[in-house]
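Visitor: mmCIF, C-alpha atoms, saved as upload-v8.cif, coming up:
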data_input
loop_
_atom_site.label_atom_id
_atom_site.label_comp_id
_atom_site.auth_asym_id
_atom_site.auth_seq_id
_atom_site.Cartn_x
_atom_site.Cartn_y
_atom_site.Cartn_z
CA MET A 1 6.82 16.18 3.53
CA PRO A 2 8.60 18.71 5.79
CA GLU A 3 11.66 20.25 4.20
CA TYR A 4 14.19 18.73 6.57
CA THR A 5 13.14 15.17 5.59
CA SER A 6 16.02 13.32 4.04
CA ALA A 7 15.95 12.97 0.25
CA PRO A 8 16.21 9.13 0.08
CA LEU A 9 13.17 8.82 2.33
CA ILE A 10 11.19 11.20 0.11
CA ARG A 11 12.18 9.23 -2.98
CA VAL A 12 10.91 5.97 -1.47
CA ALA A 13 7.64 7.66 -0.44
CA GLU A 14 7.22 9.01 -3.97
CA GLN A 15 7.69 5.54 -5.41
CA PHE A 16 5.03 4.09 -3.11
CA ALA A 17 2.69 6.98 -3.92
CA ARG A 18 2.78 5.98 -7.59
CA LEU A 19 1.16 2.63 -6.78
CA PRO A 20 -2.59 2.43 -7.36
CA GLY A 21 -4.72 3.21 -4.31
CA ILE A 22 -1.79 4.50 -2.23
CA GLY A 23 -1.95 8.17 -1.30
CA MET A 24 0.96 10.32 -0.14
CA LYS A 25 0.17 9.82 3.54
CA THR A 26 0.19 6.01 3.30
CA ALA A 27 3.28 6.21 1.09
CA GLN A 28 5.13 8.15 3.79
CA ARG A 29 4.11 5.63 6.41
CA LEU A 30 5.41 2.79 4.21
CA ALA A 31 8.66 4.64 3.49
CA TYR A 32 9.31 5.09 7.22
CA HIS A 33 8.53 1.40 7.69
CA ILE A 34 11.05 0.43 4.99
CA LEU A 35 13.79 2.45 6.72
CA ALA A 36 13.12 0.67 10.00
CA LEU A 37 13.41 -2.81 8.44
CA PRO A 38 16.63 -4.86 8.56
CA THR A 39 18.77 -4.24 5.46
CA GLU A 40 18.35 -7.85 4.30
CA ALA A 41 14.55 -7.55 4.37
CA VAL A 42 14.68 -4.44 2.18
CA GLU A 43 17.06 -6.14 -0.24
CA GLU A 44 14.79 -9.18 -0.41
CA PHE A 45 11.75 -7.02 -1.17
CA SER A 46 13.67 -5.08 -3.78
CA ALA A 47 15.07 -8.22 -5.43
CA ALA A 48 11.64 -9.90 -5.51
CA MET A 49 10.24 -7.01 -7.52
CA VAL A 50 13.12 -6.82 -10.00
CA GLU A 51 13.24 -10.58 -10.40
CA ALA A 52 9.49 -10.86 -10.95
CA ARG A 53 9.53 -8.08 -13.52
CA SER A 54 12.41 -9.63 -15.45
CA SER A 55 11.31 -13.28 -15.27
CA VAL A 56 7.59 -12.88 -15.84
CA ARG A 57 6.46 -12.44 -19.44
CA CYS A 58 3.25 -12.86 -21.41
CA CYS A 59 2.08 -16.35 -22.41
CA ASP A 60 2.54 -16.96 -26.15
CA VAL A 61 -1.04 -18.20 -26.38
CA CYS A 62 -3.26 -16.25 -23.99
CA CYS A 63 -1.02 -13.27 -23.06
CA ASN A 64 -1.47 -13.94 -19.32
CA PHE A 65 1.58 -13.42 -17.09
CA THR A 66 3.78 -16.53 -16.94
CA VAL A 67 7.38 -17.58 -16.34
CA GLY A 68 7.78 -19.98 -19.28
CA SER A 69 6.69 -19.40 -22.88
CA VAL A 70 3.25 -20.97 -22.33
CA CYS A 71 1.28 -20.44 -19.10
CA PRO A 72 0.16 -23.38 -16.90
CA ILE A 73 -3.48 -22.92 -17.94
CA CYS A 74 -2.75 -23.03 -21.68
CA ALA A 75 -0.42 -25.98 -21.08
CA ASP A 76 -3.09 -27.89 -19.12
CA GLU A 77 -4.64 -30.45 -21.48
CA ARG A 78 -7.65 -30.90 -19.18
CA ARG A 79 -8.80 -27.32 -19.78
CA ASN A 80 -11.34 -26.88 -22.57
CA ALA A 81 -9.56 -25.06 -25.40
CA LYS A 82 -12.83 -24.46 -27.24
CA ILE A 83 -14.15 -21.94 -24.75
CA ILE A 84 -12.15 -18.75 -24.38
CA CYS A 85 -12.87 -16.19 -21.70
CA VAL A 86 -11.62 -12.73 -22.71
CA VAL A 87 -10.56 -10.51 -19.80
CA GLU A 88 -8.95 -7.13 -19.38
CA SER A 89 -5.99 -8.00 -17.16
CA PRO A 90 -4.02 -10.89 -15.61
CA ARG A 91 -5.70 -10.08 -12.29
CA ASP A 92 -9.08 -10.95 -13.77
CA VAL A 93 -7.79 -14.43 -14.58
CA SER A 94 -6.93 -14.98 -10.93
CA VAL A 95 -10.41 -13.73 -9.95
CA PHE A 96 -12.08 -16.35 -12.19
CA GLU A 97 -9.68 -19.08 -11.10
CA ARG A 98 -10.53 -18.39 -7.48
CA THR A 99 -14.15 -19.36 -8.14
CA GLY A 100 -12.97 -22.68 -9.58
CA GLY A 101 -16.08 -22.80 -11.77
CA PHE A 102 -14.53 -22.25 -15.19
CA ASP A 103 -12.62 -24.96 -17.01
CA GLY A 104 -12.03 -23.19 -20.32
CA ARG A 105 -9.09 -20.99 -21.22
CA TYR A 106 -8.46 -17.26 -21.10
CA HIS A 107 -7.31 -14.44 -23.29
CA VAL A 108 -5.85 -11.38 -21.61
CA LEU A 109 -6.26 -8.12 -23.51
CA HIS A 110 -3.94 -6.04 -21.28
CA GLY A 111 -6.24 -3.07 -21.52
CA LEU A 112 -9.55 -1.88 -22.89
CA LEU A 113 -10.47 0.24 -25.90
CA SER A 114 -10.64 3.86 -24.79
CA PRO A 115 -10.86 6.62 -27.39
CA MET A 116 -10.51 9.16 -24.56
CA GLU A 117 -7.12 7.77 -23.63
CA GLY A 118 -6.14 7.00 -27.20
CA THR A 119 -6.20 3.22 -26.72
CA GLY A 120 -7.18 1.55 -29.99
CA PRO A 121 -7.48 -2.11 -31.05
CA ASP A 122 -3.75 -2.25 -31.87
CA ASP A 123 -2.82 -1.23 -28.32
CA ILE A 124 -4.50 -4.25 -26.73
CA ARG A 125 -4.12 -7.95 -27.58
CA VAL A 126 -6.96 -8.25 -30.11
CA LYS A 127 -4.84 -9.55 -33.00
CA GLU A 128 -3.47 -12.33 -30.79
CA LEU A 129 -7.05 -13.33 -29.95
CA MET A 130 -8.15 -13.43 -33.58
CA LYS A 131 -5.13 -15.58 -34.46
CA ARG A 132 -6.11 -18.13 -31.78
CA LEU A 133 -9.69 -18.27 -32.97
CA SER A 134 -8.74 -19.57 -36.41
CA GLY A 135 -8.42 -22.91 -34.58
CA ASP A 136 -11.42 -24.86 -33.28
CA ALA A 137 -12.89 -22.35 -30.81
CA GLN A 138 -16.62 -22.73 -30.17
CA GLU A 139 -17.40 -19.91 -27.80
CA VAL A 140 -15.83 -16.62 -26.79
CA ILE A 141 -17.01 -15.22 -23.45
CA MET A 142 -16.58 -11.46 -23.18
CA ALA A 143 -15.69 -10.99 -19.52
CA THR A 144 -14.56 -7.36 -19.48
CA ASN A 145 -15.82 -5.14 -16.65
CA PRO A 146 -19.33 -3.66 -16.97
CA THR A 147 -17.95 -0.15 -17.48
CA ILE A 148 -18.22 2.06 -20.58
CA GLU A 149 -14.78 0.96 -21.82
CA GLY A 150 -15.50 -2.68 -20.92
CA GLU A 151 -18.78 -2.64 -22.84
CA ALA A 152 -17.26 -0.93 -25.86
CA THR A 153 -14.42 -3.44 -25.96
CA ALA A 154 -16.79 -6.41 -25.58
CA SER A 155 -18.99 -5.05 -28.34
CA TYR A 156 -16.06 -4.39 -30.70
CA ILE A 157 -14.46 -7.79 -30.21
CA SER A 158 -17.73 -9.72 -30.39
CA ARG A 159 -18.42 -8.15 -33.78
CA LEU A 160 -15.03 -9.36 -35.03
CA VAL A 161 -15.51 -12.83 -33.55
CA LYS A 162 -18.96 -13.23 -35.07
CA THR A 163 -17.50 -12.76 -38.56
CA LEU A 164 -15.64 -16.04 -37.92
CA GLY A 165 -18.96 -17.75 -37.17
CA ILE A 166 -18.02 -18.31 -33.52
CA LYS A 167 -20.60 -17.90 -30.73
CA THR A 168 -19.92 -14.93 -28.47
CA THR A 169 -21.43 -14.45 -25.02
CA ARG A 170 -21.30 -11.76 -22.34
CA LEU A 171 -21.26 -12.18 -18.55
CA ALA A 172 -24.76 -11.87 -17.08
CA TYR A 173 -25.90 -8.66 -15.44
CA GLY A 174 -28.12 -8.92 -12.40
CA LEU A 175 -28.30 -8.54 -8.66
CA PRO A 176 -25.13 -9.39 -6.75
CA VAL A 177 -25.72 -12.47 -4.60
CA GLY A 178 -26.55 -11.35 -1.05
CA ALA A 179 -27.57 -7.85 -2.13
CA THR A 180 -30.93 -6.31 -1.32
CA LEU A 181 -33.27 -4.82 -3.93
CA GLU A 182 -33.35 -1.58 -2.00
CA PHE A 183 -29.72 -0.81 -2.72
CA ALA A 184 -29.56 -2.01 -6.32
CA ASP A 185 -29.14 0.79 -8.86
CA ASP A 186 -31.80 1.28 -11.54
CA VAL A 187 -29.75 -0.05 -14.44
CA THR A 188 -28.81 -3.23 -12.61
CA LEU A 189 -32.39 -3.80 -11.51
CA THR A 190 -33.71 -3.29 -15.05
CA ARG A 191 -31.16 -5.79 -16.37
CA ALA A 192 -32.01 -8.28 -13.63
CA LEU A 193 -35.64 -8.05 -14.64
CA GLU A 194 -34.91 -8.39 -18.37
CA ASN A 195 -32.69 -11.40 -17.84
CA ARG A 196 -35.01 -13.17 -15.38
CA ASN A 197 -34.89 -16.98 -15.41
CA GLU A 198 -37.63 -19.54 -14.95
CA ILE A 199 -37.35 -21.36 -11.64
CA MET B 1 -3.63 -17.00 -4.69
CA PRO B 2 -4.73 -19.64 -7.23
CA GLU B 3 -2.20 -22.42 -7.63
CA TYR B 4 -1.32 -21.66 -11.24
CA THR B 5 -0.08 -18.17 -10.29
CA SER B 6 3.59 -17.79 -11.09
CA ALA B 7 5.97 -17.97 -8.15
CA PRO B 8 7.73 -14.61 -8.69
CA LEU B 9 4.35 -12.84 -8.63
CA ILE B 10 3.43 -14.55 -5.36
CA ARG B 11 6.77 -13.56 -3.84
CA VAL B 12 6.18 -9.87 -4.68
CA ALA B 13 2.65 -10.04 -3.26
CA GLU B 14 3.99 -11.60 -0.06
CA GLN B 15 6.52 -8.79 0.30
CA PHE B 16 3.82 -6.14 -0.05
CA ALA B 17 1.58 -8.00 2.38
CA ARG B 18 4.27 -7.61 5.06
CA LEU B 19 3.94 -3.83 4.97
CA PRO B 20 1.75 -2.30 7.69
CA GLY B 21 -1.89 -1.78 6.70
CA ILE B 22 -1.60 -3.78 3.47
CA GLY B 23 -3.69 -6.94 3.32
CA MET B 24 -3.21 -9.87 0.95
CA LYS B 25 -5.79 -8.59 -1.53
CA THR B 26 -4.19 -5.17 -1.86
CA ALA B 27 -0.76 -6.83 -1.98
CA GLN B 28 -1.85 -8.95 -4.94
CA ARG B 29 -3.20 -5.90 -6.73
CA LEU B 30 0.10 -4.10 -6.18
CA ALA B 31 2.11 -7.12 -7.36
CA TYR B 32 0.13 -7.27 -10.61
CA HIS B 33 0.69 -3.54 -11.00
CA ILE B 34 4.46 -3.97 -10.56
CA LEU B 35 4.56 -6.62 -13.31
CA ALA B 36 2.76 -4.30 -15.71
CA LEU B 37 5.24 -1.44 -15.13
CA PRO B 38 8.18 -0.77 -17.46
CA THR B 39 11.32 -2.59 -16.28
CA GLU B 40 13.12 0.72 -15.61
CA ALA B 41 10.31 1.89 -13.31
CA VAL B 42 10.57 -1.30 -11.25
CA GLU B 43 14.34 -0.98 -11.05
CA GLU B 44 14.02 2.64 -9.97
CA PHE B 45 11.55 1.72 -7.19
CA SER B 46 13.73 -1.15 -6.06
CA ALA B 47 16.91 0.97 -6.08
CA ALA B 48 15.20 3.80 -4.15
CA MET B 49 14.37 1.40 -1.31
CA VAL B 50 17.82 -0.21 -1.12
CA GLU B 51 19.57 3.14 -1.38
CA ALA B 52 17.39 4.74 1.28
CA ARG B 53 17.93 1.82 3.64
CA SER B 54 21.71 1.88 3.17
CA SER B 55 22.22 5.67 3.21
CA VAL B 56 19.81 6.63 5.96
CA ARG B 57 21.07 6.19 9.52
CA CYS B 58 20.20 7.52 12.95
CA CYS B 59 21.33 11.02 13.95
CA ASP B 60 24.18 10.90 16.50
CA VAL B 61 22.31 13.37 18.69
CA CYS B 62 18.56 12.78 18.45
CA CYS B 63 18.40 9.31 16.79
CA ASN B 64 16.06 10.60 14.04
CA PHE B 65 16.62 9.25 10.51
CA THR B 66 19.22 11.26 8.61
CA VAL B 67 21.77 10.92 5.82
CA GLY B 68 24.77 12.57 7.54
CA SER B 69 25.97 11.98 11.07
CA VAL B 70 23.84 14.80 12.52
CA CYS B 71 20.31 15.53 11.26
CA PRO B 72 19.32 18.94 9.82
CA ILE B 73 17.25 19.77 12.92
CA CYS B 74 20.09 19.09 15.37
CA ALA B 75 22.46 20.99 13.04
CA ASP B 76 20.14 24.01 12.87
CA GLU B 77 21.50 26.63 15.29
CA ARG B 78 18.16 28.50 15.27
CA ARG B 79 16.37 25.60 16.97
CA ASN B 80 16.17 25.80 20.72
CA ALA B 81 18.43 23.07 22.11
CA LYS B 82 17.06 23.54 25.62
CA ILE B 83 13.65 22.07 24.86
CA ILE B 84 13.60 18.43 23.81
CA CYS B 85 10.47 16.73 22.52
CA VAL B 86 10.65 12.94 23.06
CA VAL B 87 8.76 10.90 20.43
CA GLU B 88 8.33 7.24 19.62
CA SER B 89 9.34 7.21 15.96
CA PRO B 90 10.86 9.30 13.15
CA ARG B 91 7.36 9.66 11.68
CA ASP B 92 6.24 11.55 14.77
CA VAL B 93 8.96 14.12 14.12
CA SER B 94 7.53 14.79 10.69
CA VAL B 95 4.05 15.13 12.22
CA PHE B 96 5.26 17.84 14.61
CA GLU B 97 7.31 19.57 11.92
CA ARG B 98 4.23 19.77 9.72
CA THR B 99 2.51 21.94 12.31
CA GLY B 100 5.46 24.32 12.22
CA GLY B 101 4.70 25.33 15.81
CA PHE B 102 7.67 23.77 17.60
CA ASP B 103 11.15 25.29 17.47
CA GLY B 104 12.90 23.00 19.95
CA ARG B 105 14.65 19.73 19.16
CA TYR B 106 13.59 16.09 19.23
CA HIS B 107 14.63 12.77 20.64
CA VAL B 108 13.46 9.63 18.84
CA LEU B 109 13.07 6.56 21.06
CA HIS B 110 12.53 4.09 18.20
CA GLY B 111 9.93 2.20 20.21
CA LEU B 112 8.03 2.21 23.47
CA LEU B 113 8.42 0.23 26.67
CA SER B 114 6.25 -2.87 26.43
CA PRO B 115 6.62 -5.65 28.98
CA MET B 116 4.14 -7.70 26.93
CA GLU B 117 6.46 -7.65 23.93
CA GLY B 118 9.61 -7.80 26.02
CA THR B 119 10.74 -4.27 25.14
CA GLY B 120 12.68 -2.81 28.06
CA PRO B 121 14.54 0.50 28.55
CA ASP B 122 17.69 -0.90 26.90
CA ASP B 123 15.76 -1.70 23.70
CA ILE B 124 14.80 1.91 23.06
CA ARG B 125 16.99 5.03 22.97
CA VAL B 126 16.68 6.06 26.61
CA LYS B 127 20.42 6.03 27.37
CA GLU B 128 21.06 8.35 24.41
CA LEU B 129 18.46 10.76 25.81
CA MET B 130 19.96 10.79 29.29
CA LYS B 131 23.43 11.48 27.83
CA ARG B 132 22.08 14.54 25.99
CA LEU B 133 20.38 15.88 29.08
CA SER B 134 23.62 16.25 31.01
CA GLY B 135 24.01 19.44 28.90
CA ASP B 136 21.90 22.55 29.45
CA ALA B 137 18.42 21.13 28.77
CA GLN B 138 15.59 23.02 30.48
CA GLU B 139 12.50 21.05 29.51
CA VAL B 140 11.73 17.57 28.23
CA ILE B 141 8.31 17.22 26.56
CA MET B 142 7.02 13.64 26.62
CA ALA B 143 5.20 13.35 23.28
CA THR B 144 4.58 9.62 23.08
CA ASN B 145 1.12 8.46 21.97
CA PRO B 146 -1.68 8.44 24.57
CA THR B 147 -1.75 4.61 24.64
CA ILE B 148 -0.88 2.30 27.52
CA GLU B 149 2.68 1.80 26.24
CA GLY B 150 3.02 5.50 25.44
CA GLU B 151 1.90 6.47 28.96
CA ALA B 152 4.16 3.91 30.63
CA THR B 153 7.15 5.10 28.61
CA ALA B 154 6.40 8.77 29.34
CA SER B 155 6.05 8.01 33.02
CA TYR B 156 9.29 5.96 33.17
CA ILE B 157 11.37 8.52 31.32
CA SER B 158 9.96 11.51 33.19
CA ARG B 159 10.96 9.89 36.48
CA LEU B 160 14.54 9.52 35.22
CA VAL B 161 14.62 13.06 33.86
CA LYS B 162 13.32 14.58 37.10
CA THR B 163 16.28 13.12 38.98
CA LEU B 164 18.44 15.49 36.89
CA GLY B 165 16.33 18.41 38.07
CA ILE B 166 14.96 19.07 34.58
CA LYS B 167 11.32 20.04 34.03
CA THR B 168 9.26 17.39 32.27
CA THR B 169 5.93 18.00 30.59
CA ARG B 170 3.35 15.87 28.80
CA LEU B 171 1.23 16.75 25.76
CA ALA B 172 -2.22 18.04 26.80
CA TYR B 173 -5.25 15.76 26.70
CA GLY B 174 -8.55 17.26 25.64
CA LEU B 175 -11.12 17.49 22.91
CA PRO B 176 -9.76 17.30 19.38
CA VAL B 177 -10.36 20.61 17.59
CA GLY B 178 -13.54 20.39 15.52
CA ALA B 179 -14.91 17.44 17.49
CA THR B 180 -18.33 17.41 19.14
CA LEU B 181 -18.88 16.62 22.82
CA GLU B 182 -21.35 13.93 21.88
CA PHE B 183 -18.69 11.72 20.32
CA ALA B 184 -15.91 12.32 22.85
CA ASP B 185 -15.11 9.28 24.98
CA ASP B 186 -15.47 9.53 28.75
CA VAL B 187 -11.76 9.58 29.56
CA THR B 188 -11.05 12.34 27.06
CA LEU B 189 -13.99 14.39 28.33
CA THR B 190 -12.91 13.99 31.95
CA ARG B 191 -9.37 15.12 31.06
CA ALA B 192 -10.72 18.07 29.06
CA LEU B 193 -12.71 19.16 32.12
CA GLU B 194 -9.77 18.70 34.52
CA ASN B 195 -7.42 20.69 32.29
CA ARG B 196 -9.87 23.51 31.54
CA ASN B 197 -8.36 26.96 30.91
CA GLU B 198 -9.60 30.41 31.81
CA ILE B 199 -10.77 32.36 28.78
#
As structure tokens, how would this structure be written, given the file I've shared?
Guide:
Amino acid sequence: MPEYTSAPLIRVAEQFARLPGIGMKTAQRLAYHILALPTEAVEEFSAAMVEARSSVRCCDVCCNFTVGSVCPICADERRNAKIICVVESPRDVSVFERTGGFDGRYHVLHGLLSPMEGTGPDDIRVKELMKRLSGDAQEVIMATNPTIEGEATASYISRLVKTLGIKTTRLAYGLPVGATLEFADDVTLTRALENRNEI
Amino acid sequence: MPEYTSAPLIRVAEQFARLPGIGMKTAQRLAYHILALPTEAVEEFSAAMVEARSSVRCCDVCCNFTVGSVCPICADERRNAKIICVVESPRDVSVFERTGGFDGRYHVLHGLLSPMEGTGPDDIRVKELMKRLSGDAQEVIMATNPTIEGEATASYISRLVKTLGIKTTRLAYGLPVGATLEFADDVTLTRALENRNEI
């Protein structure tokens, strides 16, 4: 930003620029917007963030974000406790919940294995998952993203889970619904062919 | 967001969604990011906003955002006080300053005339501008955006300024540098032709 710009404005822009997907130009626009808001609105925004960060913790069972000690999903007796869907982050839980098609429970890893970034099994919630599985779990669905880290994590955890004699599954690969063959990449198309179903 | 989502998380997402250019999906992503940050980082972000909002005020002379009573540009004796560039918002000042090509001073209106939204001359900093001009101003450059509101505001203010016998100018319309004729809209092309210069 130009040198004359006041320091507090720059500091706010820098904070916004640290958020994922927000570049310096957008951050500056947001900082100017914040300064033009009524003081109460800024205080409300600020308090909402601090309050959320201090009141939200990880569920004792599934490690998803929650306010109490056990999250509403783990506390819900109607949800099938025998099927556990393992995801990378709390956001993924909300993605599955939006579909409304899954009535099992979740386990949030809070990260993926990544030797490049030095993230090992002790840095994500693998131990917590294994502890849960000593119960009466029947199936563990590996629902990490189809990236290199996601695959490696799914593969690592499924090996551990299999030693307990529990069935492990992986999300299906295939064509996205509504997509055209023309724009599908080779790997996806190969997988879609391999995993074809009888109709 | 799914109904089980914790209330503090939703409140943070709602706050982000109020920012310009941030939709609900991005806001949710940002809210999840905030919850995964260290507490100190969230407090720092939050404090930066509140502090900026409380410490930054409008310059007594040009109405641009500043920390003291007079902004660094108005306080800079090297800047030509006889040429005043009138802009809509503090952001526009930083846009001009980035070019480094203007050595006059600014006047920030903090809005544009808009009968549709009920914004009249008393709702923007027109009076403050007229007060300044009683000094030794030689030229007022109307640098509002080339939109309907921007044009109306430029036209209204230039009429007032002319009554003081001060020269008023408007930013040039023409082809953006690097653009191709093919993609220029008709109005822009007509203006570019009208305002052609001898080479």
Visitor: Record the distance separating CA of Phe45 in chain B and CA of Thr26 in chain B, expressed in Å with one decimal.
Guide: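 CA of Thr26 in chain B lies at a distance of 18.0 Å from CA of Phe45 in chain B.
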Visitor: Given the file shown, enumerate the residues that the PyMOL selection byres ((chain B) within 7 of (chain A)) captures and present them as a PyMOL selection string.
Guide: chain B and resi 2+4+6+8-9+11-12+15+19+30+32+35+39+42-43+45-46+48-50+52-53+66-67+72+91+94+97-98
Visitor: Residues at most 9 Å from range 135-146 of chain B, counting all atoms listed in the file, excluding those fewer than 2 positions away in the same chain, as a ChimeraX atom specification?
Guide: /B:81-89,92,112,131-133,148-151,153-155,157-158,161,165-171,173
Visitor: In Å, with one decimal, what is the gap from CA of Leu129 in chain A to CA of His107 in chain A?
Guide: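 Separation of CA of Leu129 in chain A and CA of His107 in chain A: 6.8 Å.
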Visitor: List the neighbours of range 175-177 of chain A out to 9 Å using only C-alpha atoms; skip same-chain residues closer than 5 positions along the sequence, and give me the result as a list in words.
Guide: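 What passes the distance filter is Ala184, Thr188, Leu189, Arg191 and Ala192 of chain A.
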Visitor: Atoms are missing here; could range 149-175 of chain B be completed with N, CA and C atoms and written as a CSV table (one decimal), keeping the file's coordinate frame?
Guide:
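rebuild11.csv written:
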chain,number,residue,atom,x,y,z
B,149,GLU,N,1.2,1.8,26.4
B,149,GLU,CA,2.7,1.8,26.2
B,149,GLU,C,3.3,3.2,26.2
B,150,GLY,N,2.6,4.1,25.5
B,150,GLY,CA,3.0,5.5,25.4
B,150,GLY,C,3.0,6.2,26.8
B,151,GLU,N,2.0,5.9,27.6
B,151,GLU,CA,1.9,6.5,29.0
B,151,GLU,C,3.0,5.9,29.9
B,152,ALA,N,3.2,4.6,29.8
B,152,ALA,CA,4.2,3.9,30.6
B,152,ALA,C,5.5,4.4,30.3
B,153,THR,N,5.8,4.6,29.0
B,153,THR,CA,7.2,5.1,28.6
B,153,THR,C,7.4,6.5,29.1
B,154,ALA,N,6.3,7.4,28.9
B,154,ALA,CA,6.4,8.8,29.3
B,154,ALA,C,6.6,8.8,30.8
B,155,SER,N,5.9,8.0,31.6
B,155,SER,CA,6.0,8.0,33.0
B,155,SER,C,7.4,7.5,33.5
B,156,TYR,N,8.0,6.5,32.8
B,156,TYR,CA,9.3,6.0,33.2
B,156,TYR,C,10.4,7.0,32.9
B,157,ILE,N,10.3,7.6,31.7
B,157,ILE,CA,11.4,8.5,31.3
B,157,ILE,C,11.3,9.8,32.1
B,158,SER,N,10.1,10.3,32.4
B,158,SER,CA,10.0,11.5,33.2
B,158,SER,C,10.5,11.3,34.6
B,159,ARG,N,10.4,10.1,35.2
B,159,ARG,CA,11.0,9.9,36.5
B,159,ARG,C,12.5,10.0,36.4
B,160,LEU,N,13.1,9.4,35.4
B,160,LEU,CA,14.5,9.5,35.2
B,160,LEU,C,15.0,11.0,35.0
B,161,VAL,N,14.2,11.7,34.2
B,161,VAL,CA,14.6,13.1,33.9
B,161,VAL,C,14.5,14.0,35.1
B,162,LYS,N,13.5,13.7,35.9
B,162,LYS,CA,13.3,14.6,37.1
B,162,LYS,C,14.5,14.5,38.1
B,163,THR,N,15.1,13.3,38.1
B,163,THR,CA,16.3,13.1,39.0
B,163,THR,C,17.4,14.1,38.6
B,164,LEU,N,17.4,14.5,37.3
B,164,LEU,CA,18.4,15.5,36.9
B,164,LEU,C,18.0,16.9,37.2
B,165,GLY,N,16.8,17.1,37.8
B,165,GLY,CA,16.3,18.4,38.1
B,165,GLY,C,15.8,19.2,36.8
B,166,ILE,N,15.5,18.4,35.8
B,166,ILE,CA,15.0,19.1,34.6
B,166,ILE,C,13.4,18.9,34.6
B,167,LYS,N,12.8,20.0,34.1
B,167,LYS,CA,11.3,20.0,34.0
B,167,LYS,C,10.8,19.1,33.0
B,168,THR,N,9.8,18.3,33.3
B,168,THR,CA,9.3,17.4,32.3
B,168,THR,C,7.8,17.7,32.1
B,169,THR,N,7.3,17.7,30.9
B,169,THR,CA,5.9,18.0,30.6
B,169,THR,C,5.4,16.9,29.7
B,170,ARG,N,4.0,16.9,29.6
B,170,ARG,CA,3.4,15.9,28.8
B,170,ARG,C,2.4,16.6,27.9
B,171,LEU,N,2.2,16.1,26.7
B,171,LEU,CA,1.2,16.8,25.8
B,171,LEU,C,-0.1,16.8,26.5
B,172,ALA,N,-0.9,17.9,26.2
B,172,ALA,CA,-2.2,18.0,26.8
B,172,ALA,C,-3.2,17.0,26.2
B,173,TYR,N,-4.1,16.5,27.1
B,173,TYR,CA,-5.2,15.8,26.7
B,173,TYR,C,-6.4,16.7,26.6
B,174,GLY,N,-7.3,16.4,25.7
B,174,GLY,CA,-8.6,17.3,25.6
B,174,GLY,C,-9.3,16.9,24.4
B,175,LEU,N,-10.3,17.7,24.1
B,175,LEU,CA,-11.1,17.5,22.9
B,175,LEU,C,-10.3,17.8,21.7
